Amino acid sequence: MRYGFGVDIGGTTVKIAFFDEQGKMLDKWQITTNTSNGGSAILPDTAKSIRDYLQKNHIADDHIIGVGVGVPGPVDEQGIVNRCVNLGWGMVDLHGELARLTGFPVKGGNDANVAALGECWKGSGAGSRSMVMATLGTGIGGGIVLDGKIIGGAHGAGGEIGHMVLNPTESEICGCGKRGCAEQYCSATGVVRLANRYLAAHDDESVLRRKRVIHCKDVFDAAKRGDIASMKILDQMFDLLGMFLANVCCTMDPEVIVLGGGVSKAGQMLVDGATQAFARYAFHACRKAKIVLATLGNDAGAYGAFKLALDAFGN
């Protein structure tokens, strides 16, 4: 039996998982991400944790397929990372440096793309060959899998679907510097933006008015309890989410659309709202795409990272 590692490097923790070649996760742990000094210790710390694990468990190097890695930034085919703000990185040779430190071949990718690959392989997209994942969190991450492979693009920015413009007349600026991106409406912060705008423009009663600070969860919880204003706010969000997903699907016609991130904790309410709006906007040939919730949670990145290594070095 051969084995490998899937590594998901985040701004707070580095999640590391140990897999067999069938994709069964045998163990997982995490270490703190040391972002001081330009993140110079992150790869050495990761390599040391991997080497320590092998030594502790008496696993020989010749049983290891390789190491897959997801990072919060663009990664090109040669493994060059072009700036990760959350890690303090500028240009980093991910493949070369981590391979030198571990002694194993390394394959890296953008963390959102890698998580999408994980969901397509072992999560809610299992059995499909084409899938879009939209991670609805503070912002919107995305990943596109076609014929079982990540679409990374020429510059490592493939799958940055959260910055598709839905409203060119938007007055506020997105974090990317543009205006009217999907992230400004369909993320957790986007739901809060829509809520605050609605409450400012209308005088109807709502439990949301009793809160000093509104959170995305508050809007969903209030809507589930029948709060009319909250339901109208979510109708706006669902309409924009359906338009957004329909636009994405016109480019690659996926079998499955997977929704992850903190907003996905709203559960079936999110799926139902997105599905109804998607049907209004989707090109007729794309309407069979099924919208589902992500199932792997925080493990998606590790699964996808190992799949990268398995595909690259497993033969």
# chains A, B, ... in the order shown; residues from 1 in each chain; ligands from 1
>>> select_by_dssp(residues="region 67-176 of chain A", states="helix (DSSP H, G or I)", output="MDAnalysis selection string")
chainID A and resid 85:87 94:102 111:122 161:163
>>> residues_around(residues="Ala126 (chain A)", least_positions_apart="5", cutoff="12 Å", atoms="only C-alpha atoms", output="JSON, numbers by chain")
{"A": [116, 117, 118, 119, 120, 121, 131, 145, 148, 255, 256, 257, 258, 292, 294, 295, 296]}
>>> residues_around(residues="Glu21 (chain A)", least_positions_apart="6", cutoff="12 Å", atoms="only C-alpha atoms", output="MDAnalysis selection string")
chainID A and resid 1:6 63:66 303 306:311 313:315
>>> residues_around(residues="region 100-102 of chain A", least_positions_apart="6", cutoff="8 Å", atoms="only C-alpha atoms", output="list in words")
Leu43, Pro44, Ala47, Lys48, Ile50 and Arg51 of chain A
>>> residues_around(residues="region 221-233 of chain A", least_positions_apart="5", cutoff="9 Å", atoms="only C-alpha atoms", output="list of chain:residue names")
A:Val191, A:Leu194, A:Ala195, A:Tyr198, A:Leu199, A:His202, A:Asp204, A:Glu205, A:Ser206, A:Val207, A:Leu208, A:Cys216, A:Phe238, A:Ala266, A:Met269
>>> select_by_dssp(residues="region 116-285 of chain A", states="strand (DSSP E)", output="list in words")
Ser130, Met131, Val132, Met133, Ala134, Thr135, Leu136, Ile140, Gly141, Gly142, Gly143, Ile144, Val145, Leu146, Lys149, Ile150, Val256, Ile257, Val258, Leu259 and Gly260 of chain A
>>> closest_residue(among="A:Ala277, A:Val248, A:Leu98, A:Ala17", to="Ala41 (chain A)", atoms="only C-alpha atoms")
A:Leu98
>>> closest_residue(among="A:Gly123, A:Pro74, A:Ala134, A:Phe104", to="Gly23 (chain A)", atoms="only C-alpha atoms")
A:Gly123
>>> residues_around(residues="Trp89 (chain A)", least_positions_apart="6", cutoff="7 Å", atoms="only C-alpha atoms", output="list in words")
Gly38, Gly39 and Arg83 of chain A
>>> write_last_selection(atoms="N, CA and C atoms", output="tab-separated table (two decimals), in the first residue's frame")
chain	number	residue	atom	x	y	z
A	38	GLY	N	7.27	37.37	6.71
A	38	GLY	CA	6.84	37.05	5.35
A	38	GLY	C	6.43	35.60	5.16
A	39	GLY	N	6.03	34.94	6.23
A	39	GLY	CA	5.59	33.54	6.13
A	39	GLY	C	6.71	32.57	5.81
A	83	ARG	N	1.86	35.65	-4.89
A	83	ARG	CA	1.37	36.44	-3.77
A	83	ARG	C	0.20	35.79	-3.04
>>> closest_residue(among="A:Gly175, A:Gly162, A:Gly152, A:Gly260", to="Met133 (chain A)", atoms="only C-alpha atoms")
A:Gly260
>>> closest_residue(among="A:Leu240, A:Lys122, A:Lys28, A:Leu234", to="Asn167 (chain A)", atoms="only C-alpha atoms")
A:Leu240
